[in-house]
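What's in final-v1.pdb: PDB, C-alpha atoms
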ATOM      1  CA  MET A   1      15.453  45.794  -8.175  1.00  0.00           C
ATOM      2  CA  SER A   2      13.763  42.849  -9.848  1.00  0.00           C
ATOM      3  CA  LYS A   3      11.286  40.592  -8.116  1.00  0.00           C
ATOM      4  CA  ILE A   4      12.519  37.416  -6.441  1.00  0.00           C
ATOM      5  CA  ARG A   5      10.974  34.399  -8.144  1.00  0.00           C
ATOM      6  CA  ILE A   6      10.014  31.910  -5.455  1.00  0.00           C
ATOM      7  CA  GLY A   7       9.450  28.195  -5.824  1.00  0.00           C
ATOM      8  CA  ILE A   8       7.583  26.346  -3.095  1.00  0.00           C
ATOM      9  CA  ILE A   9       8.080  22.680  -2.326  1.00  0.00           C
ATOM     10  CA  GLY A  10       4.995  21.445  -0.494  1.00  0.00           C
ATOM     11  CA  ALA A  11       1.436  22.587  -1.116  1.00  0.00           C
ATOM     12  CA  GLY A  12      -0.047  21.431   2.180  1.00  0.00           C
ATOM     13  CA  ASN A  13      -0.831  23.552   5.231  1.00  0.00           C
ATOM     14  CA  ILE A  14       2.573  25.165   5.732  1.00  0.00           C
ATOM     15  CA  GLY A  15       3.111  25.651   2.004  1.00  0.00           C
ATOM     16  CA  GLY A  16      -0.279  27.334   1.838  1.00  0.00           C
ATOM     17  CA  VAL A  17       0.668  29.693   4.668  1.00  0.00           C
ATOM     18  CA  HIS A  18       3.831  30.694   2.814  1.00  0.00           C
ATOM     19  CA  MET A  19       1.879  31.195  -0.407  1.00  0.00           C
ATOM     20  CA  GLY A  20      -0.587  33.446   1.363  1.00  0.00           C
ATOM     21  CA  GLU A  21       2.137  35.543   2.974  1.00  0.00           C
ATOM     22  CA  PHE A  22       4.320  35.912  -0.129  1.00  0.00           C
ATOM     23  CA  SER A  23       1.208  36.827  -2.138  1.00  0.00           C
ATOM     24  CA  LYS A  24       0.998  39.936   0.048  1.00  0.00           C
ATOM     25  CA  LEU A  25       4.340  41.173  -1.342  1.00  0.00           C
ATOM     26  CA  PRO A  26       3.707  41.609  -5.084  1.00  0.00           C
ATOM     27  CA  GLN A  27       6.305  44.367  -5.478  1.00  0.00           C
ATOM     28  CA  GLU A  28       9.101  42.301  -3.934  1.00  0.00           C
ATOM     29  CA  CYS A  29       8.444  38.763  -5.112  1.00  0.00           C
ATOM     30  CA  GLU A  30       6.320  36.424  -7.140  1.00  0.00           C
ATOM     31  CA  ILE A  31       5.548  32.779  -6.541  1.00  0.00           C
ATOM     32  CA  ALA A  32       6.812  31.342  -9.809  1.00  0.00           C
ATOM     33  CA  GLY A  33       6.193  27.667  -9.153  1.00  0.00           C
ATOM     34  CA  VAL A  34       5.006  24.995  -6.778  1.00  0.00           C
ATOM     35  CA  THR A  35       5.387  21.249  -6.441  1.00  0.00           C
ATOM     36  CA  ASP A  36       4.021  18.580  -4.143  1.00  0.00           C
ATOM     37  CA  LEU A  37       4.003  14.793  -4.070  1.00  0.00           C
ATOM     38  CA  ASN A  38       0.256  15.205  -4.492  1.00  0.00           C
ATOM     39  CA  LEU A  39       0.204  17.014  -7.852  1.00  0.00           C
ATOM     40  CA  ALA A  40      -3.553  17.611  -7.644  1.00  0.00           C
ATOM     41  CA  ARG A  41      -2.982  19.579  -4.433  1.00  0.00           C
ATOM     42  CA  ALA A  42      -0.188  21.562  -6.105  1.00  0.00           C
ATOM     43  CA  GLU A  43      -2.519  22.333  -9.004  1.00  0.00           C
ATOM     44  CA  GLN A  44      -5.237  23.489  -6.590  1.00  0.00           C
ATOM     45  CA  ARG A  45      -2.809  25.819  -4.812  1.00  0.00           C
ATOM     46  CA  ALA A  46      -1.534  27.125  -8.140  1.00  0.00           C
ATOM     47  CA  ALA A  47      -5.081  28.022  -9.130  1.00  0.00           C
ATOM     48  CA  GLN A  48      -5.821  29.506  -5.695  1.00  0.00           C
ATOM     49  CA  PHE A  49      -2.729  31.754  -5.658  1.00  0.00           C
ATOM     50  CA  ASP A  50      -2.342  32.362  -9.408  1.00  0.00           C
ATOM     51  CA  ILE A  51       0.972  30.489  -9.573  1.00  0.00           C
ATOM     52  CA  PRO A  52       1.986  30.078 -13.211  1.00  0.00           C
ATOM     53  CA  ARG A  53       3.758  26.727 -13.024  1.00  0.00           C
ATOM     54  CA  VAL A  54       3.299  23.373 -11.288  1.00  0.00           C
ATOM     55  CA  PHE A  55       6.494  21.348 -11.361  1.00  0.00           C
ATOM     56  CA  GLN A  56       6.217  17.567 -11.573  1.00  0.00           C
ATOM     57  CA  THR A  57       9.133  16.979  -9.189  1.00  0.00           C
ATOM     58  CA  ASN A  58      11.262  18.705  -6.570  1.00  0.00           C
ATOM     59  CA  ASP A  59      14.274  18.303  -8.867  1.00  0.00           C
ATOM     60  CA  GLU A  60      12.569  20.201 -11.691  1.00  0.00           C
ATOM     61  CA  LEU A  61      11.654  23.099  -9.401  1.00  0.00           C
ATOM     62  CA  ILE A  62      15.057  23.228  -7.712  1.00  0.00           C
ATOM     63  CA  ASN A  63      16.952  23.199 -11.004  1.00  0.00           C
ATOM     64  CA  SER A  64      14.679  25.593 -12.888  1.00  0.00           C
ATOM     65  CA  PRO A  65      16.375  28.772 -14.117  1.00  0.00           C
ATOM     66  CA  ASP A  66      13.034  30.521 -13.464  1.00  0.00           C
ATOM     67  CA  ILE A  67      13.357  30.071  -9.675  1.00  0.00           C
ATOM     68  CA  ASP A  68      15.579  32.333  -7.544  1.00  0.00           C
ATOM     69  CA  ALA A  69      14.684  31.061  -4.069  1.00  0.00           C
ATOM     70  CA  VAL A  70      13.047  27.945  -2.690  1.00  0.00           C
ATOM     71  CA  ILE A  71      10.693  27.601   0.261  1.00  0.00           C
ATOM     72  CA  ILE A  72      10.676  24.137   1.811  1.00  0.00           C
ATOM     73  CA  GLY A  73       7.171  23.628   3.179  1.00  0.00           C
ATOM     74  CA  VAL A  74       7.252  19.927   3.976  1.00  0.00           C
ATOM     75  CA  PRO A  75       7.402  17.980   7.267  1.00  0.00           C
ATOM     76  CA  ASN A  76      10.560  18.666   9.299  1.00  0.00           C
ATOM     77  CA  GLN A  77      12.159  15.263   8.761  1.00  0.00           C
ATOM     78  CA  PHE A  78      12.461  16.065   5.024  1.00  0.00           C
ATOM     79  CA  HIS A  79      13.979  19.548   5.387  1.00  0.00           C
ATOM     80  CA  ALA A  80      17.673  18.662   5.553  1.00  0.00           C
ATOM     81  CA  PRO A  81      18.016  16.622   2.340  1.00  0.00           C
ATOM     82  CA  LEU A  82      15.977  19.165   0.385  1.00  0.00           C
ATOM     83  CA  ALA A  83      17.943  22.081   1.823  1.00  0.00           C
ATOM     84  CA  VAL A  84      21.232  20.421   0.870  1.00  0.00           C
ATOM     85  CA  GLN A  85      19.908  19.823  -2.656  1.00  0.00           C
ATOM     86  CA  VAL A  86      18.738  23.445  -2.973  1.00  0.00           C
ATOM     87  CA  LEU A  87      22.064  24.806  -1.727  1.00  0.00           C
ATOM     88  CA  ALA A  88      24.002  22.559  -4.102  1.00  0.00           C
ATOM     89  CA  ALA A  89      21.895  23.891  -6.987  1.00  0.00           C
ATOM     90  CA  GLY A  90      22.795  27.453  -6.046  1.00  0.00           C
TER      91      GLY A  90
END
Translate the structure of the given file into structure tokens.
Amino acid sequence: MSKIRIGIIGAGNIGGVHMGEFSKLPQECEIAGVTDLNLARAEQRAAQFDIPRVFQTNDELINSPDIDAVIIGVPNQFHAPLAVQVLAAG
């Protein structure tokens, strides 16, 4: 079984929690990318968790062929539109 390549939208507190937890599962998954409206914060998290790619936008991460699953780590009021976009992208 190959590793699941995870992309994380949101590099704040909740995104950081997800990064920490998924980092504990190196045999099952890898965090392949991260994005945040605050790109400097995304870059900091990428360095902290050895994430190879910082995406400039949500769209780039969602539509990347290098991402198998997306974690939405943003405030609740933004979950639904992002979830619909992720599902539409497959």
Nearby residues (only C-alpha atoms) at most 8 Å from range 45-61 of chain A, same-chain spacing under 5 positions excluded, as an MDAnalysis selection string: chainID A and resid 7 9 11 16 19:20 23 31:37 39 67
Please put the answer as AutoDock Vina command-line options: centre and edge lengths, in Å with one decimal, of a box along x, y and z that encloses all listed atoms of range 16-32 of chain A plus 3 Å on each side.
--center_x 4.3 --center_y 35.9 --center_z -2.6 --size_x 15.7 --size_y 23.0 --size_z 20.5
Separation of CA of Arg5 in chain A from CA of Asp66 in chain A in Å: 6.9 Å
Reference answer for the PyMOL selection byres ((chain A and resi 74-90) around 9), as a VMD selection string: chain A and resid 9 to 15 36 58 to 59 62 to 63 68 to 70 72 to 73
Two-atom distance - CA of Glu28 in chain A, CA of Arg41 in chain A (Å): 25.7 Å
Could you write range 18-42 of chain A as a PDB file, in the frame of the given file, with N, CA, C and O atoms rebuilt where they are missing?
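Below is the file result.pdb, written as the result:
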ATOM      1  N   HIS A  18       2.791  29.938   3.510  1.00  0.00           N
ATOM      2  CA  HIS A  18       3.831  30.694   2.814  1.00  0.00           C
ATOM      3  C   HIS A  18       3.276  31.350   1.551  1.00  0.00           C
ATOM      4  O   HIS A  18       3.589  32.515   1.267  1.00  0.00           O
ATOM      5  N   MET A  19       2.469  30.627   0.804  1.00  0.00           N
ATOM      6  CA  MET A  19       1.879  31.195  -0.407  1.00  0.00           C
ATOM      7  C   MET A  19       1.039  32.415  -0.082  1.00  0.00           C
ATOM      8  O   MET A  19       1.111  33.436  -0.775  1.00  0.00           O
ATOM      9  N   GLY A  20       0.248  32.322   0.961  1.00  0.00           N
ATOM     10  CA  GLY A  20      -0.587  33.446   1.363  1.00  0.00           C
ATOM     11  C   GLY A  20       0.235  34.658   1.764  1.00  0.00           C
ATOM     12  O   GLY A  20      -0.089  35.798   1.377  1.00  0.00           O
ATOM     13  N   GLU A  21       1.310  34.428   2.507  1.00  0.00           N
ATOM     14  CA  GLU A  21       2.137  35.543   2.974  1.00  0.00           C
ATOM     15  C   GLU A  21       2.938  36.172   1.829  1.00  0.00           C
ATOM     16  O   GLU A  21       2.995  37.392   1.710  1.00  0.00           O
ATOM     17  N   PHE A  22       3.557  35.355   0.989  1.00  0.00           N
ATOM     18  CA  PHE A  22       4.320  35.912  -0.129  1.00  0.00           C
ATOM     19  C   PHE A  22       3.413  36.601  -1.144  1.00  0.00           C
ATOM     20  O   PHE A  22       3.837  37.547  -1.817  1.00  0.00           O
ATOM     21  N   SER A  23       2.165  36.172  -1.243  1.00  0.00           N
ATOM     22  CA  SER A  23       1.208  36.827  -2.138  1.00  0.00           C
ATOM     23  C   SER A  23       0.920  38.262  -1.711  1.00  0.00           C
ATOM     24  O   SER A  23       0.466  39.075  -2.513  1.00  0.00           O
ATOM     25  N   LYS A  24       1.206  38.582  -0.465  1.00  0.00           N
ATOM     26  CA  LYS A  24       0.998  39.936   0.048  1.00  0.00           C
ATOM     27  C   LYS A  24       2.145  40.884  -0.322  1.00  0.00           C
ATOM     28  O   LYS A  24       2.083  42.065   0.014  1.00  0.00           O
ATOM     29  N   LEU A  25       3.161  40.369  -1.003  1.00  0.00           N
ATOM     30  CA  LEU A  25       4.340  41.173  -1.342  1.00  0.00           C
ATOM     31  C   LEU A  25       4.574  41.231  -2.857  1.00  0.00           C
ATOM     32  O   LEU A  25       5.647  40.901  -3.348  1.00  0.00           O
ATOM     33  N   PRO A  26       3.587  41.672  -3.618  1.00  0.00           N
ATOM     34  CA  PRO A  26       3.707  41.609  -5.084  1.00  0.00           C
ATOM     35  C   PRO A  26       4.802  42.496  -5.670  1.00  0.00           C
ATOM     36  O   PRO A  26       5.251  42.245  -6.789  1.00  0.00           O
ATOM     37  N   GLN A  27       5.234  43.504  -4.968  1.00  0.00           N
ATOM     38  CA  GLN A  27       6.305  44.367  -5.478  1.00  0.00           C
ATOM     39  C   GLN A  27       7.685  43.734  -5.293  1.00  0.00           C
ATOM     40  O   GLN A  27       8.606  44.018  -6.052  1.00  0.00           O
ATOM     41  N   GLU A  28       7.809  42.883  -4.278  1.00  0.00           N
ATOM     42  CA  GLU A  28       9.101  42.301  -3.934  1.00  0.00           C
ATOM     43  C   GLU A  28       9.336  40.916  -4.531  1.00  0.00           C
ATOM     44  O   GLU A  28      10.467  40.541  -4.810  1.00  0.00           O
ATOM     45  N   CYS A  29       8.263  40.144  -4.671  1.00  0.00           N
ATOM     46  CA  CYS A  29       8.444  38.763  -5.112  1.00  0.00           C
ATOM     47  C   CYS A  29       7.214  38.250  -5.849  1.00  0.00           C
ATOM     48  O   CYS A  29       6.153  38.846  -5.797  1.00  0.00           O
ATOM     49  N   GLU A  30       7.431  37.127  -6.520  1.00  0.00           N
ATOM     50  CA  GLU A  30       6.320  36.424  -7.140  1.00  0.00           C
ATOM     51  C   GLU A  30       6.532  34.937  -6.885  1.00  0.00           C
ATOM     52  O   GLU A  30       7.665  34.455  -6.874  1.00  0.00           O
ATOM     53  N   ILE A  31       5.460  34.227  -6.666  1.00  0.00           N
ATOM     54  CA  ILE A  31       5.548  32.779  -6.541  1.00  0.00           C
ATOM     55  C   ILE A  31       5.511  32.239  -7.961  1.00  0.00           C
ATOM     56  O   ILE A  31       4.490  32.293  -8.633  1.00  0.00           O
ATOM     57  N   ALA A  32       6.664  31.737  -8.412  1.00  0.00           N
ATOM     58  CA  ALA A  32       6.812  31.342  -9.809  1.00  0.00           C
ATOM     59  C   ALA A  32       6.494  29.872 -10.042  1.00  0.00           C
ATOM     60  O   ALA A  32       6.271  29.468 -11.175  1.00  0.00           O
ATOM     61  N   GLY A  33       6.477  29.084  -8.976  1.00  0.00           N
ATOM     62  CA  GLY A  33       6.193  27.667  -9.153  1.00  0.00           C
ATOM     63  C   GLY A  33       5.962  26.959  -7.841  1.00  0.00           C
ATOM     64  O   GLY A  33       6.353  27.444  -6.775  1.00  0.00           O
ATOM     65  N   VAL A  34       5.312  25.817  -7.948  1.00  0.00           N
ATOM     66  CA  VAL A  34       5.006  24.995  -6.778  1.00  0.00           C
ATOM     67  C   VAL A  34       5.095  23.534  -7.187  1.00  0.00           C
ATOM     68  O   VAL A  34       4.875  23.185  -8.352  1.00  0.00           O
ATOM     69  N   THR A  35       5.429  22.689  -6.230  1.00  0.00           N
ATOM     70  CA  THR A  35       5.387  21.249  -6.441  1.00  0.00           C
ATOM     71  C   THR A  35       4.968  20.571  -5.150  1.00  0.00           C
ATOM     72  O   THR A  35       5.107  21.132  -4.063  1.00  0.00           O
ATOM     73  N   ASP A  36       4.439  19.382  -5.291  1.00  0.00           N
ATOM     74  CA  ASP A  36       4.021  18.580  -4.143  1.00  0.00           C
ATOM     75  C   ASP A  36       3.955  17.132  -4.617  1.00  0.00           C
ATOM     76  O   ASP A  36       3.719  16.874  -5.811  1.00  0.00           O
ATOM     77  N   LEU A  37       4.166  16.202  -3.705  1.00  0.00           N
ATOM     78  CA  LEU A  37       4.003  14.793  -4.070  1.00  0.00           C
ATOM     79  C   LEU A  37       2.600  14.530  -4.591  1.00  0.00           C
ATOM     80  O   LEU A  37       2.393  13.685  -5.454  1.00  0.00           O
ATOM     81  N   ASN A  38       1.645  15.271  -4.043  1.00  0.00           N
ATOM     82  CA  ASN A  38       0.256  15.205  -4.492  1.00  0.00           C
ATOM     83  C   ASN A  38       0.070  16.319  -5.534  1.00  0.00           C
ATOM     84  O   ASN A  38      -0.204  17.473  -5.183  1.00  0.00           O
ATOM     85  N   LEU A  39       0.259  15.983  -6.803  1.00  0.00           N
ATOM     86  CA  LEU A  39       0.204  17.014  -7.852  1.00  0.00           C
ATOM     87  C   LEU A  39      -1.150  17.702  -7.942  1.00  0.00           C
ATOM     88  O   LEU A  39      -1.222  18.887  -8.272  1.00  0.00           O
ATOM     89  N   ALA A  40      -2.226  16.981  -7.622  1.00  0.00           N
ATOM     90  CA  ALA A  40      -3.553  17.611  -7.644  1.00  0.00           C
ATOM     91  C   ALA A  40      -3.617  18.738  -6.616  1.00  0.00           C
ATOM     92  O   ALA A  40      -4.192  19.800  -6.881  1.00  0.00           O
ATOM     93  N   ARG A  41      -3.004  18.527  -5.456  1.00  0.00           N
ATOM     94  CA  ARG A  41      -2.982  19.579  -4.433  1.00  0.00           C
ATOM     95  C   ARG A  41      -2.141  20.759  -4.909  1.00  0.00           C
ATOM     96  O   ARG A  41      -2.508  21.917  -4.704  1.00  0.00           O
ATOM     97  N   ALA A  42      -1.019  20.481  -5.563  1.00  0.00           N
ATOM     98  CA  ALA A  42      -0.188  21.562  -6.105  1.00  0.00           C
ATOM     99  C   ALA A  42      -0.967  22.359  -7.148  1.00  0.00           C
ATOM    100  O   ALA A  42      -0.899  23.591  -7.189  1.00  0.00           O
TER     101      ALA A  42
END
